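These notes concern the structure reproduced below.
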Amino acid sequence: MERVRTPGPAIPPYEPLMDGLDMEGKTRSTVVTVESPQVPPPRDHLAWSLCTTLYANVCCLGFLALVFSVKSRDRKVLGDYSGALSYGSTAKYLNITAHLINIFLIILVIALVASGTIVVANIVNHHQQHPEFIGPT
């Protein structure tokens, strides 16, 4: 068996380079800027809470939503995005609950007015068909 030698330069032993120098002895000037993607700040639902407070304040849920919205805005200004997200989601759920209860109450009132109108119309119709004279005889 014959050994095959590959021609090539001899590799010098490892020697650490001085700081700031590369293989050719030139200074490094590569700048890598890493930017994280901009995450939008969490929503505080302040306008929605204000409208709920003014127009659909069922069981004071609109006022509570307004309080949590203001807390969320304060946290957002301070840079506490997790706290702002927590308060904002609480305000959102309070707003949704207030609106659902408000819609239910409106439907209930409409149903009661409609059924009351039907009952009154039946009573009036009955009295027109069967007049009863109440008076001196």
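Residue names in the structure tokens use chain letters A, B, ... in the order shown, residue numbers from 1 in each chain, and ligand numbers from 1 in the order shown.
With only C-alpha atoms taken into account, the protein and nucleic acid residues at most 12 Å from Asp80 of chain A (excluding it and anything under 6 positions from it in its own chain) are Pro41, Pro42, Lys71, Ser72, Arg73, Asp74, Ser86 and Tyr87 of chain A.
What separates atom CA of Ala114 of chain A from atom CA of Gly62 of chain A is a distance of 28.5 Å.
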**OP:** Using only C-alpha atoms, determine which residues lie at most 7 Å from Arg75 of chain A, disregarding the query and same-chain residues fewer than 6 positions distant; provide the list as a list in words.
**Re:** Tyr81, Gly83 and Ala84 of chain A
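Distance-wise, atom CA of Leu66 of chain A and atom CA of Tyr93 of chain A end up 11.6 Å apart.
Nearest to Thr97 of chain A of all the residues A:Thr33, A:Gln38, A:Cys59, A:Pro136 is A:Cys59, based on only C-alpha atoms.
With only C-alpha atoms as the basis for measurement, A:Arg43 is the residue among A:Asn102, A:Arg43, A:Cys60, A:Leu108 that approaches Ser89 of chain A most closely.
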